[in-house]
Every structure is written in C-alpha cells, then in structure tokens.
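Q: Have a look at this one.
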Amino acid sequence: MMPRGMLSSMMPRGMMSSLLSLLWVRPCRGLGLLPPPERIFARRGGWGGGRLLAQRAPHPLPTARKSSREEGSHPRLGLFAALSAAVLASSTQIAVAQTPPPPPAPQPRVTIGYVDIAGDPRHEPIKAYERIVLKPRESPFAGAQVGMDEAQALSRVLKIDFALERITVKSAQEVTPAVTQALERGIHFFIVDAPAEAFRPLATAVRGREVLLFNATAPDDWLRRDLCAREIVHTLPSLAMTSDALMQHLVSRKWRDILVLQGPLPADAATTKAFENSVKKFGARIIANRPFKAGTDPREREQNNPLLLTAGTRDYDVIFIADDAFEFARQVPYQTVRPRPLVGAIDLEPVGWHWTWEHNGAPQINTRFNRASGGRRMESADWAAWIAVKMVVQATLRTRSAEFDKQRAFILSDTGFDGYKGLAVSVRRWDQQVRQAVFLATPSAVIASAPIEGFLHRTNTLDSLGDDEPETPCKLNK
C-alpha cells in the first residue's frame, strides 16, 4: 500500500488536478456504488502542499440494487490504480537517474623503474687537484625524467598513466634484489644504471620472467656477446660501435697508420681491444702500442712524457689515446714529436650524443633537457636513458595497450623509433643492441655522424657499426 500523502507529494500540481477531475464522478443512478466526491477526497493544508486524505462516507452505501460488478472493480477505480502505479514507477526511475554514477575505474599504469647506485663513482666529475672540474659526469636520471615528461601528453589520450620510480641502492650487489622485489610489485620495465658486473647476477635472477631491462650506462662488449640475455636491451652504444664509428671516419680521411697510447686501467684495456678489432675490420694499421703511466715521477719519464712516448717509431697519421681517468690525455695535445691529430679520449671522441648536434630535431631535446636538469648539457648516457623511456611509451601508444607482452613484442620488432639522430633507431634481433648513429665530436662541435657515407651494409647501414650478426656469438634470434 502506498503511504498516505506520497502520491500527492510525487505528482506536479497540474497532474494531480487532472487525476482528481477524472475520478470525481457523480453517483450512478440505480447502482449506488459511490458516495459524493466531496465525502471521499479532501485536502489538508490546501493545494499548495497538503496531503490527499481518504474519508469514510457518513452513511452506508445503498444496497437496494446490486451491481453486476463487485465493489472496487469499477472501471474508473481501475484507472486510478493504474495511474497510481505509473506515477510510482516514473518517480522511481527519476530517483534512479538522479543517483550519482559510481566513480570511474582507475586507469591502467605503466611504471618504469630506474635503478641506480648511491655515490656511483662513474658519475662523479673528473677533477684536477680536487679543484678544477676537467669533465663533468652526472647521473643520467634527468634523461629519463625528460622522457617521462614527454609521455604525460600521451597519457591523457591513451587513458593510461605513466610513472617513473627511482630505486637507489647502496652497492652493485643490491641491484639484483632491488629489481626482483620491484618486479614482484608489478614493475616490468627497468632502466639499469649500474656497472657491467652488476648485470651477470641480475640476468640470472630474471631469466624467463616478464621483465625488460634497459642498459643505459655500460658499454662493455662482453655484455652483448657473452652474457647475451633476452631480458636486456642495450640503449648505450657498445665499445665496438664507437670504435667502428671512429675508424670509419679515420679511414674516410685516409688516416690509416695509427699510434696507440694505452692507460693502466681495465677500462683502458677494454677500449684498446675494441679499437684494435675495428682497425682490423676496416683495414687500417697500428704502428705501435705504448702503455703510459700518469704522473711526474722522473724515474718513469719514458711512460709519462708525451714527447718520449710519441718518438722513436715510424711515421703515423693519428694518435689514439685510451685513458678513462683522463689524467694523462689532457697533457698530450701539442706535446707530441710529430704534429698529428689526437682521437679517442680527447679532441675527437666517438659519442652516443652531443649537445651541439643541430639536426633532426636535436635542438628541441637539448633545450628540454637543459631546462629539466638545471642547465646541464645532454650526454650519451642521458640520451640512452631518454630513449629507453621513449621506447616504452611509443610501444604503449602503437599497441594501445598496457600489457607487457604486447609492449615487449613491439619494442623488439623491426619498427624504428625517432632518436633525433637522423636514421631511425631499432633493436637488433641477435644481441638486442639498439642500432643507432654515433657522433664524432670535439668538445664544441660534431664533426661527423657515423655510419660515414660510403660504408654500406646489405640490410641496414647502421649495422656497419658494432657486431653484425655473423660476427657475434650471441644469437638471440635463433
């Protein structure tokens, strides 16, 4: 039963009047079914806001003649009941329509973890006498931040959120547990800013799992050749790539006879080995390989004096210096026996990125990075971190999905990404090294971009830099 007064409160004034006029019927002659209307309906409080009341008739209904229909089955009473039900249903629909909608479901999120080591010596500036900064070296986290800032505009279009989570550990030994713990929390993409030694246990721990690691700071060739992990993509150019780029330029200038000066560090030995492979690959010659030792000890002058190191040998076209510490190389210019150009650690260097590159949209990314980093210039590792974020974001855009399997398949496909280097960058199927151009740059200008014109390849000229498929033991595509 409808509560008293509900019908009148739910119906507009005009509708109520029409309903009452329809139901106010005169007593039917001979039937004696209904008392006068004024005895049935009354209003309390007037038409403005009162309630509809039912009153009992002051006298019993006449019973002289019975109707053929039972009381309550009169057509107009049936119409009243039908209209009451319709009004109640309509008011229920209005109430449902006015109910606030449930909150929207949260958007899918793609999170990229950035794993680095606190106090990493690779990112500390090289100083002379602890005062003068010879080479500013900083963490490439700012490059990843620039890539994430660029992704926010696409987030609104894709209805997918992007996030960058920095995970800082105390040592290289803590990189593996940090990544595995974040993987358990649902993070599938990681930019790993760690030395090469940290990748060996890491590759073992994540083998066969839904994860993709981007190596942004380790150029070591053995990571691409010997470790050879399906879960790692190398965005930083390898030593083989930078050495090949340098040799292409030297050969194009017809500087084929080379004097090598090698430092004492393991990094110097790895750089020299990669350069020797490139010399053999492009048909040049190493006239002599002389180790040096930084310092001013007169007892070791044959190893720390540039004049003595560059004398006593047959003529050469260029001097290659392997000096990761940069302590000896800065003293060599203009102190050689013969006036020859210097390459490698000083003067002309092969790099993955340089702040003076002015083509292919490079000024825009350099400007964005400069603002985001507080005035710093973009370098190779910064670019490697930035392109890693861009590859994940572009894979999400092209697949229109936040599913890891689809994103990974797109990243590892032959589809190219715009790295602002001219030729599109992409991932090699055999060792998952990102094929890309390498710049030959002085401190203040890009002299050339490799592959140098005239050095061809059967499928992709970028594969003339670094390990081609027949040259490497890593066969991830087999």
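Identifiers in the structure tokens: chain A, B, ... in order shown; residue index from 1 per chain; ligand index from 1 in order shown.
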Quick one: contact table of range 162-255 of chain A to range 120-130 of chain A, 12 Å max, nearest atom pair and distance in Å to one decimal per residue, counting only C-alpha atoms, chain and number order, as a tab-separated table?
A:
residue	atom	partner	partner_atom	distance
A:Thr168	CA	A:Asp120	CA	10.4
A:Val169	CA	A:Asp120	CA	10.0
A:Lys170	CA	A:Asp120	CA	9.0
A:Ser171	CA	A:Asp120	CA	8.4
A:Ala172	CA	A:Asp120	CA	9.2
A:Asp193	CA	A:Asp120	CA	9.2
A:Ala194	CA	A:Asp120	CA	8.1
A:Pro195	CA	A:Arg122	CA	8.4
A:Ala196	CA	A:Arg122	CA	11.6
A:Thr217	CA	A:Arg122	CA	9.2
A:Ala218	CA	A:Arg122	CA	10.2
Q: With a distance cut-off of 10 Å and only C-alpha atoms, select the neighbouring residues of Ala182 in chain A, excluding the residue or stretch itself and same-chain residues fewer than 6 positions from it, and output the selection as a ChimeraX atom specification.
A: /A:113,165,167,188-190
Q: Keeping only C-alpha atoms, write those residues as a short mmCIF file (atom, residue, chain, number, x, y, z; two decimals), in the first residue's frame.
A:
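Writing the result to part-v8.cif gives the following:
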data_model
loop_
_atom_site.label_atom_id
_atom_site.label_comp_id
_atom_site.auth_asym_id
_atom_site.auth_seq_id
_atom_site.Cartn_x
_atom_site.Cartn_y
_atom_site.Cartn_z
CA GLY A 113 61.84 1.60 -12.59
CA GLU A 165 60.10 5.19 -9.96
CA ILE A 167 65.18 2.82 -6.89
CA HIS A 188 58.16 -4.85 -15.73
CA PHE A 189 60.45 -2.20 -17.26
CA PHE A 190 63.72 -1.07 -15.66
#
Q: For Pro443 in chain A, work out the shell of residues within 12 Å, counting only C-alpha atoms and skipping chain neighbours fewer than 3 positions away, then give it as a short mmCIF file (atom, residue, chain, number, x, y, z; two decimals) with N, CA and C atoms, in the first residue's frame.
A:
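Saved to out_20.cif:
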data_model
loop_
_atom_site.label_atom_id
_atom_site.label_comp_id
_atom_site.auth_asym_id
_atom_site.auth_seq_id
_atom_site.Cartn_x
_atom_site.Cartn_y
_atom_site.Cartn_z
N LEU A 134 87.55 18.77 -14.70
CA LEU A 134 88.00 18.54 -16.07
C LEU A 134 86.88 18.00 -16.94
N LYS A 135 86.10 17.07 -16.37
CA LYS A 135 84.95 16.50 -17.08
C LYS A 135 83.78 16.36 -16.12
N VAL A 343 92.82 11.38 -31.16
CA VAL A 343 91.46 10.86 -31.14
C VAL A 343 91.33 9.92 -29.95
N ALA A 345 90.28 9.48 -26.31
CA ALA A 345 89.91 10.08 -25.02
C ALA A 345 89.87 11.60 -25.06
N ILE A 346 90.42 12.21 -26.09
CA ILE A 346 90.48 13.67 -26.14
C ILE A 346 90.41 14.14 -27.59
N ASP A 347 90.03 15.37 -27.74
CA ASP A 347 89.89 16.05 -29.03
C ASP A 347 88.74 15.47 -29.85
N LEU A 348 88.96 14.41 -30.61
CA LEU A 348 87.87 13.83 -31.39
C LEU A 348 87.43 12.52 -30.71
N GLU A 349 86.18 12.54 -30.16
CA GLU A 349 85.67 11.39 -29.42
C GLU A 349 84.43 10.83 -30.10
N PRO A 350 84.26 9.50 -30.12
CA PRO A 350 83.01 8.91 -30.59
C PRO A 350 82.01 8.84 -29.43
N VAL A 351 80.86 9.46 -29.61
CA VAL A 351 79.88 9.54 -28.51
C VAL A 351 78.49 9.19 -29.03
N TRP A 353 75.79 10.80 -27.98
CA TRP A 353 75.05 12.06 -28.11
C TRP A 353 75.99 13.21 -27.81
N HIS A 354 75.69 14.35 -28.45
CA HIS A 354 76.47 15.56 -28.18
C HIS A 354 75.55 16.76 -28.20
N TRP A 355 75.80 17.68 -27.28
CA TRP A 355 74.90 18.82 -27.10
C TRP A 355 74.92 19.79 -28.27
N THR A 356 75.91 19.70 -29.16
CA THR A 356 75.98 20.62 -30.30
C THR A 356 75.31 20.08 -31.56
N TRP A 357 74.73 18.88 -31.51
CA TRP A 357 74.06 18.33 -32.70
C TRP A 357 72.86 19.20 -33.03
N ARG A 377 74.27 19.98 -19.87
CA ARG A 377 74.22 19.57 -21.27
C ARG A 377 73.98 18.06 -21.38
N GLU A 379 74.30 14.32 -22.49
CA GLU A 379 75.40 13.47 -22.91
C GLU A 379 74.88 12.09 -23.31
N PHE A 439 78.16 9.87 -33.06
CA PHE A 439 78.73 11.16 -33.45
C PHE A 439 80.24 11.17 -33.19
N LEU A 440 80.98 11.79 -34.09
CA LEU A 440 82.40 12.09 -33.89
C LEU A 440 82.49 13.56 -33.55
N VAL A 446 80.09 18.78 -33.48
CA VAL A 446 80.02 17.45 -34.08
C VAL A 446 80.67 17.53 -35.45
N ILE A 447 81.74 16.75 -35.64
CA ILE A 447 82.49 16.79 -36.90
C ILE A 447 81.85 15.89 -37.94
#
Q: Work out how far CA of Gly147 in chain A is from CA of Lys390 in chain A, in Å to one decimal.
A: 5.9 Å
